[in-house]
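Structure below is run.pdb: PDB, C-alpha atoms, pLDDT in the B column.
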```pdb
ATOM      1  CA  MET A   1     -12.871  -2.396 -10.772  1.00 49.00           C
ATOM      2  CA  GLY A   2     -11.105   0.595  -9.241  1.00 58.00           C
ATOM      3  CA  ASN A   3     -11.980   4.222  -9.686  1.00 51.00           C
ATOM      4  CA  ARG A   4      -8.605   5.913  -9.960  1.00 50.00           C
ATOM      5  CA  ALA A   5      -9.940   8.695 -12.197  1.00 46.00           C
ATOM      6  CA  GLY A   6     -11.145  10.646  -9.164  1.00 46.00           C
ATOM      7  CA  HIS A   7      -7.799  10.332  -7.386  1.00 51.00           C
ATOM      8  CA  SER A   8      -5.943  13.469  -8.473  1.00 54.00           C
ATOM      9  CA  ASN A   9      -3.652  14.251  -5.529  1.00 68.00           C
ATOM     10  CA  ALA A  10      -0.038  13.218  -6.101  1.00 91.00           C
ATOM     11  CA  VAL A  11       0.490  12.587  -2.360  1.00 93.00           C
ATOM     12  CA  MET A  12      -2.091  11.559   0.222  1.00 94.00           C
ATOM     13  CA  GLN A  13      -1.759  10.953   3.962  1.00 95.00           C
ATOM     14  CA  VAL A  14      -3.834   8.136   5.476  1.00 96.00           C
ATOM     15  CA  GLY A  15      -3.077   7.396   9.113  1.00 94.00           C
ATOM     16  CA  CYS A  16       0.679   7.309   9.536  1.00 94.00           C
ATOM     17  CA  TRP A  17       1.289   6.420   5.861  1.00 96.00           C
ATOM     18  CA  THR A  18       1.851   8.664   2.830  1.00 97.00           C
ATOM     19  CA  PHE A  19       0.868   7.371  -0.597  1.00 96.00           C
ATOM     20  CA  GLU A  20       2.564   8.968  -3.608  1.00 95.00           C
ATOM     21  CA  ARG A  21       1.067   8.455  -7.067  1.00 95.00           C
ATOM     22  CA  LYS A  22       3.416   7.342  -9.863  1.00 92.00           C
ATOM     23  CA  LEU A  23       3.065   6.066 -13.447  1.00 82.00           C
ATOM     24  CA  ASN A  24      -0.294   7.735 -14.198  1.00 83.00           C
ATOM     25  CA  GLY A  25      -1.941   6.064 -11.216  1.00 84.00           C
ATOM     26  CA  GLN A  26      -0.707   2.559 -12.018  1.00 92.00           C
ATOM     27  CA  GLN A  27       1.747   2.585  -9.116  1.00 95.00           C
ATOM     28  CA  TYR A  28       1.900   4.179  -5.662  1.00 96.00           C
ATOM     29  CA  PHE A  29       4.823   4.483  -3.246  1.00 96.00           C
ATOM     30  CA  ALA A  30       3.758   4.067   0.382  1.00 96.00           C
ATOM     31  CA  ARG A  31       5.903   5.309   3.255  1.00 97.00           C
ATOM     32  CA  LYS A  32       5.223   5.076   6.984  1.00 96.00           C
ATOM     33  CA  THR A  33       5.981   8.618   8.108  1.00 94.00           C
ATOM     34  CA  ALA A  34       4.412  11.537   9.963  1.00 88.00           C
ATOM     35  CA  SER A  35       4.572  13.702   6.826  1.00 88.00           C
ATOM     36  CA  PHE A  36       5.728  13.451   3.221  1.00 91.00           C
ATOM     37  CA  GLY A  37       9.460  14.041   2.908  1.00 87.00           C
ATOM     38  CA  SER A  38      10.244  13.104   6.513  1.00 90.00           C
ATOM     39  CA  ALA A  39      12.196  10.024   7.577  1.00 92.00           C
ATOM     40  CA  PHE A  40      10.155   6.830   7.265  1.00 94.00           C
ATOM     41  CA  SER A  41      10.186   3.529   9.144  1.00 94.00           C
ATOM     42  CA  ALA A  42       8.548   1.311   6.500  1.00 94.00           C
ATOM     43  CA  SER A  43       7.784   1.390   2.801  1.00 95.00           C
ATOM     44  CA  ALA A  44       5.881  -0.517   0.142  1.00 95.00           C
ATOM     45  CA  VAL A  45       4.907  -0.271  -3.501  1.00 96.00           C
ATOM     46  CA  ILE A  46       1.322  -0.705  -4.700  1.00 96.00           C
ATOM     47  CA  THR A  47       1.130  -1.696  -8.359  1.00 95.00           C
ATOM     48  CA  ILE A  48      -2.178  -1.934 -10.239  1.00 94.00           C
ATOM     49  CA  THR A  49      -1.985  -4.958 -12.554  1.00 90.00           C
ATOM     50  CA  ALA A  50      -4.999  -6.270 -14.488  1.00 89.00           C
ATOM     51  CA  ASP A  51      -7.169  -3.995 -12.316  1.00 89.00           C
ATOM     52  CA  VAL A  52      -5.918  -5.605  -9.089  1.00 90.00           C
ATOM     53  CA  PRO A  53      -3.814  -3.663  -6.563  1.00 94.00           C
ATOM     54  CA  ILE A  54      -0.752  -5.632  -5.454  1.00 93.00           C
ATOM     55  CA  VAL A  55       1.139  -4.508  -2.349  1.00 94.00           C
ATOM     56  CA  GLU A  56       4.749  -5.584  -2.783  1.00 92.00           C
ATOM     57  CA  LEU A  57       8.230  -4.788  -1.512  1.00 90.00           C
ATOM     58  CA  LEU A  58       6.829  -4.152   1.973  1.00 89.00           C
ATOM     59  CA  ILE A  59       9.771  -3.602   4.277  1.00 87.00           C
ATOM     60  CA  ASN A  60      10.053  -2.295   7.818  1.00 88.00           C
ATOM     61  CA  LYS A  61      13.041  -1.106   9.787  1.00 89.00           C
ATOM     62  CA  SER A  62      14.094  -3.571  12.484  1.00 86.00           C
ATOM     63  CA  ASP A  63      12.351  -1.567  15.229  1.00 87.00           C
ATOM     64  CA  ASP A  64       9.016  -1.381  13.365  1.00 87.00           C
ATOM     65  CA  THR A  65       6.359  -3.950  12.409  1.00 87.00           C
ATOM     66  CA  PHE A  66       3.351  -3.934  10.078  1.00 89.00           C
ATOM     67  CA  THR A  67       0.427  -3.623  12.490  1.00 91.00           C
ATOM     68  CA  LYS A  68      -3.355  -3.854  12.251  1.00 92.00           C
ATOM     69  CA  ARG A  69      -3.401  -0.043  12.248  1.00 95.00           C
ATOM     70  CA  ASP A  70      -1.039  -0.054   9.240  1.00 94.00           C
ATOM     71  CA  PHE A  71      -3.313  -2.542   7.464  1.00 92.00           C
ATOM     72  CA  GLN A  72      -6.287  -0.239   8.154  1.00 94.00           C
ATOM     73  CA  SER A  73      -4.425   2.673   6.518  1.00 95.00           C
ATOM     74  CA  PHE A  74      -3.819   0.560   3.404  1.00 94.00           C
ATOM     75  CA  LYS A  75      -7.443  -0.620   3.447  1.00 92.00           C
ATOM     76  CA  ILE A  76      -8.769   2.959   3.588  1.00 94.00           C
ATOM     77  CA  PHE A  77      -6.428   4.102   0.821  1.00 96.00           C
ATOM     78  CA  ILE A  78      -7.219   1.159  -1.463  1.00 94.00           C
ATOM     79  CA  THR A  79     -11.000   1.118  -0.920  1.00 93.00           C
ATOM     80  CA  GLU A  80     -11.923   4.771  -0.386  1.00 93.00           C
ATOM     81  CA  ASN A  81      -9.304   6.479  -2.544  1.00 92.00           C
ATOM     82  CA  LEU A  82      -8.693   3.932  -5.300  1.00 94.00           C
ATOM     83  CA  GLY A  83     -12.092   2.200  -5.281  1.00 94.00           C
ATOM     84  CA  PHE A  84     -10.979  -1.437  -5.087  1.00 94.00           C
ATOM     85  CA  LYS A  85     -12.586  -4.185  -3.013  1.00 92.00           C
ATOM     86  CA  LYS A  86      -9.719  -6.720  -3.167  1.00 90.00           C
ATOM     87  CA  VAL A  87      -5.974  -6.411  -2.732  1.00 90.00           C
ATOM     88  CA  THR A  88      -3.082  -8.851  -2.977  1.00 89.00           C
ATOM     89  CA  PHE A  89      -0.166  -8.642  -0.548  1.00 87.00           C
ATOM     90  CA  ASP A  90       2.975 -10.138  -2.064  1.00 82.00           C
ATOM     91  CA  ARG A  91       5.398 -10.805   0.782  1.00 70.00           C
ATOM     92  CA  PHE A  92       8.105 -13.079   2.066  1.00 65.00           C
ATOM     93  CA  LYS A  93       7.716 -15.213   5.162  1.00 64.00           C
ATOM     94  CA  ARG A  94      10.625 -17.286   6.440  1.00 65.00           C
ATOM     95  CA  GLY A  95      12.466 -16.633   3.186  1.00 68.00           C
ATOM     96  CA  LYS A  96       9.645 -17.861   0.942  1.00 69.00           C
ATOM     97  CA  GLN A  97       7.430 -15.708  -1.242  1.00 68.00           C
ATOM     98  CA  LYS A  98       3.774 -15.760  -0.248  1.00 65.00           C
ATOM     99  CA  GLU A  99       0.785 -14.065  -1.893  1.00 67.00           C
ATOM    100  CA  VAL A 100      -2.207 -13.237   0.266  1.00 71.00           C
ATOM    101  CA  THR A 101      -5.392 -11.859  -1.306  1.00 73.00           C
ATOM    102  CA  LYS A 102      -7.710  -9.955   1.021  1.00 69.00           C
ATOM    103  CA  THR A 103     -11.215  -8.649   0.473  1.00 71.00           C
ATOM    104  CA  VAL A 104     -11.193  -5.219   2.051  1.00 68.00           C
TER     105      VAL A 104
END
```

Please rewrite the model in this file as structure tokens.
Amino acid sequence: MGNRAGHSNAVMQVGCWTFERKLNGQQYFARKTASFGSAFSASAVITITADVPIVELLINKSDDTFTKRDFQSFKIFITENLGFKKVTFDRFKRGKQKEVTKTV
């Protein structure tokens, strides 16, 4: 079970990602950028459903990829800031939807 009650900042920077709180902490917009409001090279939405964070709509510009460092930024945000131990990544691979659940 997550601990979103202690997460009061509307925007947080973790690594090269900003995470913006929406919908009373039930959804977060993630953008790969040096600072909030600057141009970004990737984005995603984290939605908390049934007390499980789901990373969806992850998209990168053609000259950017989702790296291990990016994953670490999401892991830190989800575990240390939201208090969850598991996360589901909902993504498309070769045109087919694929859900991957990770223990972080």

Problem set entry | Residues matched by the PyMOL selection byres ((chain A and resi 20) around 12) as number ranges by chain | A: 7-14, 17-19, 21-32, 35-37, 43-47, 77

Seminar exercise, completed: CA of Asn81 (chain A) to CA of Asp63 (chain A) measures 29.1 Å

Could you tell me which residues the PyMOL selection byres ((chain A and resi 85) around 6) returns for this structure, as a PDB file with C-alpha atoms, in the coordinates of the input?
```pdb
ATOM      1  CA  THR A  79     -11.000   1.118  -0.920  1.00 93.00           C
ATOM      2  CA  PHE A  84     -10.979  -1.437  -5.087  1.00 94.00           C
ATOM      3  CA  LYS A  86      -9.719  -6.720  -3.167  1.00 90.00           C
ATOM      4  CA  THR A 103     -11.215  -8.649   0.473  1.00 71.00           C
ATOM      5  CA  VAL A 104     -11.193  -5.219   2.051  1.00 68.00           C
TER       6      VAL A 104
END
```

For this session: Kindly give the distance, in Å, that separates CA of Phe89 (chain A) and CA of Thr101 (chain A), rounded to a single decimal.
Result: 6.2 Å

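Run against this file, the PyMOL selection byres ((chain A and resi 73) around 8) gives back A:Val14, A:Gly15, A:Cys16, A:Trp17, A:Arg69, A:Asp70, A:Phe71, A:Gln72, A:Phe74, A:Lys75, A:Ile76, A:Phe77.
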
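The two atoms in question, CA of Thr33 (chain A) and CA of Ala50 (chain A), are spaced 29.2 Å apart.
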
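The closest residue to Leu82 (chain A), picked from A:Lys61, A:Val100, A:Pro53, A:Lys68 and counting all atoms listed in the file, is A:Pro53.
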
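Remark: for Val55 (chain A), the closest of the candidate residues A:Glu80, A:Ala39, A:Asp90, A:Ala34 is A:Asp90 (distances computed over all atoms listed in the file).
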
Centre and edge lengths, as AutoDock Vina command-line options, for the axis-aligned box enclosing every listed atom of region 80-91 of chain A with 5 Å of padding on each of the six sides, in Å to one decimal?
```
--center_x -3.6 --center_y -2.2 --center_z -2.3 --size_x 28.0 --size_y 27.3 --size_z 16.1
```
